[in-house]
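K.L.:
Sharing protein.pdb, PDB, C-alpha atoms:
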```pdb
ATOM      1  CA  MET A  16     -24.093  20.512 -32.160
ATOM      2  CA  ALA A  17     -26.873  20.242 -34.710
ATOM      3  CA  ASP A  18     -29.202  18.672 -32.149
ATOM      4  CA  LYS A  19     -28.522  21.475 -29.667
ATOM      5  CA  LEU A  20     -29.182  24.088 -32.346
ATOM      6  CA  LYS A  21     -32.424  22.389 -33.384
ATOM      7  CA  LYS A  22     -33.647  22.268 -29.773
ATOM      8  CA  LEU A  23     -32.868  25.928 -29.102
ATOM      9  CA  SER A  24     -36.233  27.573 -28.488
ATOM     10  CA  PHE A  25     -37.201  30.960 -29.881
ATOM     11  CA  THR A  26     -37.402  32.292 -26.321
ATOM     12  CA  LYS A  27     -33.730  31.474 -25.780
ATOM     13  CA  ILE A  28     -32.864  32.946 -29.167
ATOM     14  CA  LEU A  29     -34.748  36.110 -28.182
ATOM     15  CA  LEU A  30     -32.865  36.262 -24.880
ATOM     16  CA  ILE A  31     -29.507  35.819 -26.599
ATOM     17  CA  SER A  32     -30.420  38.556 -29.079
ATOM     18  CA  ALA A  33     -31.387  40.929 -26.259
ATOM     19  CA  VAL A  34     -28.056  40.301 -24.527
ATOM     20  CA  ILE A  35     -26.173  41.017 -27.769
ATOM     21  CA  VAL A  36     -28.106  44.257 -28.394
ATOM     22  CA  LEU A  37     -27.476  45.452 -24.843
ATOM     23  CA  ALA A  38     -23.798  44.491 -25.060
ATOM     24  CA  VAL A  39     -23.386  46.451 -28.295
ATOM     25  CA  GLY A  40     -25.127  49.422 -26.680
ATOM     26  CA  LEU A  41     -22.795  49.297 -23.680
ATOM     27  CA  TYR A  42     -19.783  48.998 -25.962
ATOM     28  CA  ASN A  43     -20.876  52.094 -27.909
ATOM     29  CA  SER A  44     -21.478  53.953 -24.641
ATOM     30  CA  TRP A  45     -17.987  53.044 -23.455
ATOM     31  CA  ASN A  46     -16.513  54.287 -26.750
ATOM     32  CA  ARG A  47     -18.316  57.643 -26.344
ATOM     33  CA  TYR A  48     -17.136  57.902 -22.731
ATOM     34  CA  PHE A  49     -13.546  57.070 -23.693
ATOM     35  CA  SER A  50     -13.643  59.516 -26.618
ATOM     36  CA  TYR A  51     -15.021  62.248 -24.351
ATOM     37  CA  GLY A  52     -12.233  61.825 -21.804
ATOM     38  CA  LEU A  53      -9.567  61.633 -24.503
ATOM     39  CA  SER A  54     -10.736  64.523 -26.695
ATOM     40  CA  CYS A  55     -12.405  66.949 -24.278
ATOM     41  CA  ASP A  56      -9.349  67.677 -22.163
ATOM     42  CA  TRP A  57     -10.332  71.237 -21.255
ATOM     43  CA  THR A  58     -13.190  72.808 -19.306
ATOM     44  CA  GLY A  59     -14.605  76.282 -19.882
ATOM     45  CA  GLU A  60     -16.838  78.309 -17.570
ATOM     46  CA  PHE A  61     -19.050  80.986 -19.103
ATOM     47  CA  SER A  62     -21.975  83.258 -18.293
ATOM     48  CA  VAL A  63     -24.965  84.364 -20.346
ATOM     49  CA  THR A  64     -23.065  87.540 -21.332
ATOM     50  CA  ASP A  65     -20.620  85.373 -23.318
ATOM     51  CA  PHE A  66     -23.443  84.468 -25.719
ATOM     52  CA  GLU A  67     -24.991  86.435 -28.540
ATOM     53  CA  LEU A  68     -28.660  86.741 -27.550
ATOM     54  CA  HIS A  69     -31.630  86.652 -29.897
ATOM     55  CA  SER A  70     -35.215  87.436 -28.836
ATOM     56  CA  LEU A  71     -34.125  87.796 -25.218
ATOM     57  CA  GLN A  72     -34.463  91.108 -23.339
ATOM     58  CA  LEU A  73     -32.751  91.816 -20.016
ATOM     59  CA  ARG A  74     -35.135  92.967 -17.299
ATOM     60  CA  ASP A  75     -33.786  93.365 -13.780
ATOM     61  CA  ASP A  76     -31.821  90.137 -13.081
ATOM     62  CA  PHE A  77     -33.428  87.863 -15.666
ATOM     63  CA  TYR A  78     -34.305  87.723 -19.342
ATOM     64  CA  VAL A  79     -37.669  87.654 -21.085
ATOM     65  CA  ALA A  80     -38.211  85.666 -24.273
ATOM     66  CA  THR A  81     -39.858  88.089 -26.687
ATOM     67  CA  ASP A  82     -41.084  85.353 -29.026
ATOM     68  CA  SER A  83     -40.985  81.577 -29.510
ATOM     69  CA  ASP A  84     -37.538  81.589 -31.141
ATOM     70  CA  SER A  85     -35.201  82.835 -28.406
ATOM     71  CA  GLN A  86     -31.569  81.790 -28.839
ATOM     72  CA  LEU A  87     -28.176  81.901 -27.158
ATOM     73  CA  VAL A  88     -25.334  81.629 -29.683
ATOM     74  CA  MET A  89     -21.634  81.173 -28.935
ATOM     75  CA  THR A  90     -18.598  80.721 -31.164
ATOM     76  CA  VAL A  91     -16.749  77.791 -29.574
ATOM     77  CA  ASP A  92     -14.017  77.011 -32.135
ATOM     78  CA  ASN A  93     -12.804  73.999 -30.153
ATOM     79  CA  VAL A  94     -13.444  70.318 -29.454
ATOM     80  CA  ILE A  95     -16.382  69.773 -27.107
ATOM     81  CA  GLY A  96     -18.560  66.883 -26.014
ATOM     82  CA  GLY A  97     -21.211  68.502 -23.871
ATOM     83  CA  MET A  98     -22.306  71.243 -21.519
ATOM     84  CA  ASP A  99     -23.972  71.763 -18.144
ATOM     85  CA  PHE A 100     -25.814  75.003 -17.426
ATOM     86  CA  VAL A 101     -28.122  76.434 -14.804
ATOM     87  CA  MET A 102     -31.445  77.868 -15.953
ATOM     88  CA  ASP A 103     -34.669  78.717 -14.153
ATOM     89  CA  SER A 104     -37.911  79.849 -15.756
ATOM     90  CA  SER A 105     -41.254  81.354 -14.811
ATOM     91  CA  MET A 106     -43.140  78.705 -16.795
ATOM     92  CA  PRO A 107     -42.338  75.346 -18.422
ATOM     93  CA  THR A 108     -39.719  75.801 -21.119
ATOM     94  CA  GLY A 109     -40.874  73.094 -23.502
ATOM     95  CA  GLU A 110     -38.065  71.427 -25.431
ATOM     96  CA  VAL A 111     -34.633  72.953 -24.846
ATOM     97  CA  LEU A 112     -32.942  72.398 -28.192
ATOM     98  CA  VAL A 113     -29.224  72.579 -28.889
ATOM     99  CA  TYR A 114     -27.770  73.041 -32.366
ATOM    100  CA  TYR A 115     -24.112  73.060 -33.354
ATOM    101  CA  THR A 116     -22.066  73.595 -36.494
ATOM    102  CA  THR A 117     -18.735  72.014 -37.338
ATOM    103  CA  ALA A 118     -17.486  74.574 -39.865
ATOM    104  CA  PRO A 119     -17.756  78.351 -40.365
ATOM    105  CA  GLY A 120     -20.799  79.405 -42.347
ATOM    106  CA  GLN A 121     -22.552  76.064 -41.888
ATOM    107  CA  ASP A 122     -26.334  76.077 -41.415
ATOM    108  CA  TYR A 123     -28.057  74.572 -38.385
ATOM    109  CA  THR A 124     -29.591  71.198 -39.236
ATOM    110  CA  GLU A 125     -31.502  68.442 -37.486
ATOM    111  CA  SER A 126     -28.576  66.058 -38.008
ATOM    112  CA  GLN A 127     -26.501  68.282 -35.705
ATOM    113  CA  ARG A 128     -29.080  68.791 -32.997
ATOM    114  CA  THR A 129     -29.679  67.431 -29.532
ATOM    115  CA  TRP A 130     -31.717  68.227 -26.426
ATOM    116  CA  ALA A 131     -30.643  69.699 -23.106
ATOM    117  CA  VAL A 132     -32.431  67.782 -20.366
ATOM    118  CA  PRO A 133     -32.956  68.886 -16.748
ATOM    119  CA  SER A 134     -31.470  66.940 -13.879
ATOM    120  CA  GLU A 135     -33.751  64.497 -12.089
ATOM    121  CA  ASP A 136     -33.034  65.803  -8.579
ATOM    122  CA  GLY A 137     -35.135  68.940  -8.925
ATOM    123  CA  GLU A 138     -32.261  71.345  -9.526
ATOM    124  CA  LYS A 139     -32.346  73.759 -12.448
ATOM    125  CA  LEU A 140     -29.335  72.108 -14.041
ATOM    126  CA  TYR A 141     -29.565  71.223 -17.714
ATOM    127  CA  SER A 142     -27.127  68.938 -19.524
ATOM    128  CA  PHE A 143     -26.449  67.697 -23.009
ATOM    129  CA  THR A 144     -23.799  65.550 -24.653
ATOM    130  CA  ILE A 145     -22.777  65.236 -28.290
ATOM    131  CA  PRO A 146     -20.151  63.069 -29.992
ATOM    132  CA  ALA A 147     -16.814  64.626 -29.053
ATOM    133  CA  GLN A 148     -15.803  66.733 -32.043
ATOM    134  CA  TYR A 149     -14.742  70.157 -33.230
ATOM    135  CA  VAL A 150     -17.608  72.626 -32.899
ATOM    136  CA  HIS A 151     -17.518  76.055 -34.477
ATOM    137  CA  THR A 152     -20.818  77.496 -33.277
ATOM    138  CA  LEU A 153     -23.136  76.414 -30.473
ATOM    139  CA  ARG A 154     -26.768  77.513 -30.265
ATOM    140  CA  ILE A 155     -29.158  76.914 -27.369
ATOM    141  CA  ASP A 156     -32.920  77.481 -27.747
ATOM    142  CA  PRO A 157     -33.886  77.871 -24.063
ATOM    143  CA  THR A 158     -37.678  77.950 -24.433
ATOM    144  CA  ILE A 159     -40.398  77.660 -27.034
ATOM    145  CA  TYR A 160     -42.709  80.135 -25.285
ATOM    146  CA  GLY A 161     -42.651  83.876 -25.683
ATOM    147  CA  GLY A 162     -43.058  85.795 -22.431
ATOM    148  CA  ASN A 163     -41.136  83.189 -20.432
ATOM    149  CA  ARG A 164     -38.864  84.806 -17.842
ATOM    150  CA  LEU A 165     -35.479  83.097 -17.718
ATOM    151  CA  TYR A 166     -32.677  83.210 -15.188
ATOM    152  CA  PHE A 167     -29.286  81.926 -16.308
ATOM    153  CA  GLY A 168     -26.501  80.749 -14.054
ATOM    154  CA  GLU A 169     -23.159  79.245 -14.983
ATOM    155  CA  PHE A 170     -22.462  77.505 -18.299
ATOM    156  CA  ILE A 171     -19.739  74.807 -18.240
ATOM    157  CA  LEU A 172     -18.366  73.320 -21.443
ATOM    158  CA  ASN A 173     -16.834  69.843 -21.189
ATOM    159  CA  PRO A 174     -17.849  69.241 -17.572
ATOM    160  CA  PRO A 175     -16.609  66.069 -15.844
ATOM    161  CA  ARG A 176     -18.646  63.077 -16.967
ATOM    162  CA  GLN A 177     -19.228  59.578 -15.637
ATOM    163  CA  PHE A 178     -19.770  56.429 -17.680
ATOM    164  CA  SER A 179     -23.450  56.382 -16.644
ATOM    165  CA  ASP A 180     -23.931  59.700 -18.466
ATOM    166  CA  PHE A 181     -23.283  57.894 -21.745
ATOM    167  CA  VAL A 182     -25.550  54.895 -21.139
ATOM    168  CA  ASN A 183     -28.668  55.774 -23.077
ATOM    169  CA  PHE A 184     -31.029  52.909 -22.255
ATOM    170  CA  SER A 185     -33.911  55.265 -21.491
ATOM    171  CA  ALA A 186     -37.642  54.618 -21.786
ATOM    172  CA  THR A 187     -37.745  56.578 -25.044
ATOM    173  CA  GLU A 188     -35.215  54.213 -26.631
ATOM    174  CA  LEU A 189     -36.882  51.026 -25.417
ATOM    175  CA  PRO A 190     -38.894  50.586 -28.662
ATOM    176  CA  VAL A 191     -35.639  50.796 -30.674
ATOM    177  CA  VAL A 192     -34.006  48.165 -28.445
ATOM    178  CA  MET A 193     -37.057  45.920 -28.809
ATOM    179  CA  VAL A 194     -37.129  46.267 -32.605
ATOM    180  CA  CYS A 195     -33.388  45.549 -32.900
ATOM    181  CA  THR A 196     -33.757  42.543 -30.610
ATOM    182  CA  GLY A 197     -36.670  41.213 -32.652
ATOM    183  CA  LEU A 198     -34.844  41.645 -35.955
ATOM    184  CA  LEU A 199     -31.711  39.947 -34.649
ATOM    185  CA  ALA A 200     -33.737  37.082 -33.184
ATOM    186  CA  SER A 201     -35.561  36.623 -36.490
ATOM    187  CA  PHE A 202     -32.232  36.487 -38.308
ATOM    188  CA  PHE A 203     -30.883  33.883 -35.878
ATOM    189  CA  ARG A 204     -34.101  31.895 -36.296
ATOM    190  CA  PHE A 205     -33.691  32.007 -40.070
ATOM    191  CA  VAL A 206     -30.094  30.790 -39.786
ATOM    192  CA  GLN A 207     -31.216  28.075 -37.368
ATOM    193  CA  GLU A 208     -33.826  26.777 -39.836
ATOM    194  CA  ILE A 209     -31.334  26.717 -42.718
ATOM    195  CA  PHE A 210     -28.698  24.936 -40.628
ATOM    196  CA  THR A 211     -31.271  22.467 -39.313
ATOM    197  CA  LYS A 212     -32.552  21.626 -42.805
ATOM    198  CA  LYS A 213     -29.030  21.047 -44.060
ATOM    199  CA  SER A 214     -28.248  18.843 -41.064
ATOM    200  CA  ASP A 215     -31.413  16.787 -41.594
ATOM    201  CA  LYS A 216     -30.544  16.377 -45.282
ATOM    202  CA  VAL A 217     -27.026  15.182 -44.503
ATOM    203  CA  TYR A 218     -28.378  12.813 -41.838
ATOM    204  CA  LYS A 219     -30.917  11.277 -44.223
ATOM    205  CA  ASN A 220     -28.339  10.756 -46.944
TER     206      ASN A 220
END
```
Go ahead and express the file in the form of structure tokens.

P.N.:
Amino acid sequence: MADKLKKLSFTKILLISAVIVLAVGLYNSWNRYFSYGLSCDWTGEFSVTDFELHSLQLRDDFYVATDSDSQLVMTVDNVIGGMDFVMDSSMPTGEVLVYYTTAPGQDYTESQRTWAVPSEDGEKLYSFTIPAQYVHTLRIDPTIYGGNRLYFGEFILNPPRQFSDFVNFSATELPVVMVCTGLLASFFRFVQEIFTKKSDKVYKN
């Protein structure tokens, strides 16, 4: 056993570490998927008129953002884990931010914030997921540009989700995966050196 451990190259250690990091990520994704299906057992369909609008003016059949801080705010008062909604715009929206509170009177914070991302098939469907939990108030910031003309379709809380929706191995998270893999591999290497030195000492004695 000691000989096998001593001969284990750093490349193999790195590979083992990568597998462990990915396995932990998949396990966490499965937990989020399971929690979503268990907790978010209702689906709600809404329209833009169900929201309290800020810095958004109705003109004909769409809305105009009057400044860079337009908002759609809804009191949810229920357990949710995500939303799908249809939105079109006359110009790029920039980041579509989503804030939520978990108690009445709570302020919006970065710790309770996520991003609504558009679908990759060219449709104007935006989606976001959060850890399934009780949400009191939901706030969507649809654009960061004043003057943007926005058309809103249907809003669906707790839409049906697939496991792939919870697998977050995206390009933006690749650096985090690489850092975690490197740290874990370094730890295994450290343990390997300690174990090897002890084995050599026992063998010499």

K.L.:
For the atom pair CA of Val132 (chain A) and CA of Ala38 (chain A), what is the interatomic distance in Å to one decimal place?

P.N.:
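Straight-line distance from CA of Val132 (chain A) to CA of Ala38 (chain A) works out to 25.3 Å.
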
K.L.:
Quick one: residues within 10 Å of Gly120 (chain A), all atoms listed in the file, excluding same-chain residues fewer than 4 positions away - as a tab-separated table (two decimals) with C-alpha atoms, keeping the file's coordinate frame?

P.N.:
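selection.tsv, written as the output of this step:
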```tsv
chain	number	residue	atom	x	y	z
A	116	THR	CA	-22.07	73.60	-36.49
A	151	HIS	CA	-17.52	76.06	-34.48
A	152	THR	CA	-20.82	77.50	-33.28
```

K.L.:
Rounded to one decimal, what separation in Å do you get between CA of Pro146 (chain A) and CA of Leu87 (chain A)?

P.N.:
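CA of Leu87 (chain A) lies at a distance of 20.7 Å from CA of Pro146 (chain A).
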
K.L.:
I'd like to see the residues matched by the PyMOL selection byres ((chain A and resi 157) around 7) on this file, and ideally I'd get them as a list in words.

P.N.:
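Expected selection for the PyMOL selection byres ((chain A and resi 157) around 7) here is Ser85, Gln86, Thr108, Val111, Leu112, Ile155, Asp156 and Thr158 of chain A.
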
K.L.:
Could you state which residues are captured by the PyMOL selection byres ((chain A and resi 65) around 10) in this file, as a list in words?

P.N.:
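Selected by the PyMOL selection byres ((chain A and resi 65) around 10) in this file: Glu60, Phe61, Ser62, Val63, Thr64, Phe66, Glu67, Leu68, Leu87, Val88, Met89, Thr90 and Phe170 of chain A.
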
K.L.:
Which is closer to Glu110 (chain A) than all the others in A:Cys55, A:Ile145, A:Ala131, A:Met98, using all atoms listed in the file?

P.N.:
A:Ala131

K.L.:
For Met102 (chain A), find every residue with an atom within 7 Å (counting all atoms listed in the file), except residues of its own chain fewer than 2 positions away, and show them as a list in words.

P.N.:
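The neighbour list is Phe100, Ser104, Lys139, Leu140, Leu165, Tyr166, Phe167 and Gly168 of chain A.
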
K.L.:
What does the structure give for the distance between CA of Val94 (chain A) and CA of Pro133 (chain A), in Å to one decimal?

P.N.:
23.3 Å

K.L.:
My list of candidates is A:Ser32, A:Thr58, A:Ser83, A:Ser105. Which is closest to Val194 (chain A) when distances are computed with all atoms listed in the file?

P.N.:
A:Ser32

K.L.:
Calculated over all atoms listed in the file, which of the candidates A:Arg74, A:Arg128, A:Arg204, A:Lys27 has the smallest distance to Arg154 (chain A)?

P.N.:
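With all atoms listed in the file as the atom set, the closest residue is A:Arg128.
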
K.L.:
Let me make sure I understand: among A:Ile95, A:Leu198, A:Glu208, A:Glu169, which one has the smallest atom-to-atom distance to Leu153 (chain A) if we use only C-alpha atoms?

P.N.:
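Once distances to Leu153 (chain A) are computed over only C-alpha atoms, the minimum belongs to A:Ile95.
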
K.L.:
Between A:Thr124, A:Thr196, A:Asn93, A:Ser142, single out the one closest to Val34 (chain A), counting only C-alpha atoms.

P.N.:
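Closest to Val34 (chain A), using only C-alpha atoms: A:Thr196.
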
K.L.:
Please determine an axis-aligned box that encloses all atoms of region 154-157 of chain A listed in the file, with 5 Å added on each side, and express its centre and edge lengths in Å to one decimal as AutoDock Vina command-line options.

P.N.:
```
--center_x -30.3 --center_y 77.4 --center_z -27.2 --size_x 17.1 --size_y 11.0 --size_z 16.2
```

K.L.:
Given the choices A:Gln121, A:Ala200, A:Thr26, A:Asp103, which gets closest to Asp76 (chain A) if the distance is worked out from all atoms listed in the file?

P.N.:
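Result for the nearest residue to Asp76 (chain A): A:Asp103.
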
K.L.:
With the file shown as input, list the residues that the PyMOL selection byres ((chain A and resi 174) around 8) selects, as a PDB file with C-alpha atoms, keeping the file's coordinate frame.

P.N.:
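And here is the file that came out, result_28.pdb:
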```
ATOM      1  CA  THR A  58     -13.190  72.808 -19.306  1.00  0.00           C
ATOM      2  CA  GLY A  97     -21.211  68.502 -23.871  1.00  0.00           C
ATOM      3  CA  MET A  98     -22.306  71.243 -21.519  1.00  0.00           C
ATOM      4  CA  ASP A  99     -23.972  71.763 -18.144  1.00  0.00           C
ATOM      5  CA  ILE A 171     -19.739  74.807 -18.240  1.00  0.00           C
ATOM      6  CA  LEU A 172     -18.366  73.320 -21.443  1.00  0.00           C
ATOM      7  CA  ASN A 173     -16.834  69.843 -21.189  1.00  0.00           C
ATOM      8  CA  PRO A 175     -16.609  66.069 -15.844  1.00  0.00           C
ATOM      9  CA  ARG A 176     -18.646  63.077 -16.967  1.00  0.00           C
TER      10      ARG A 176
END
```
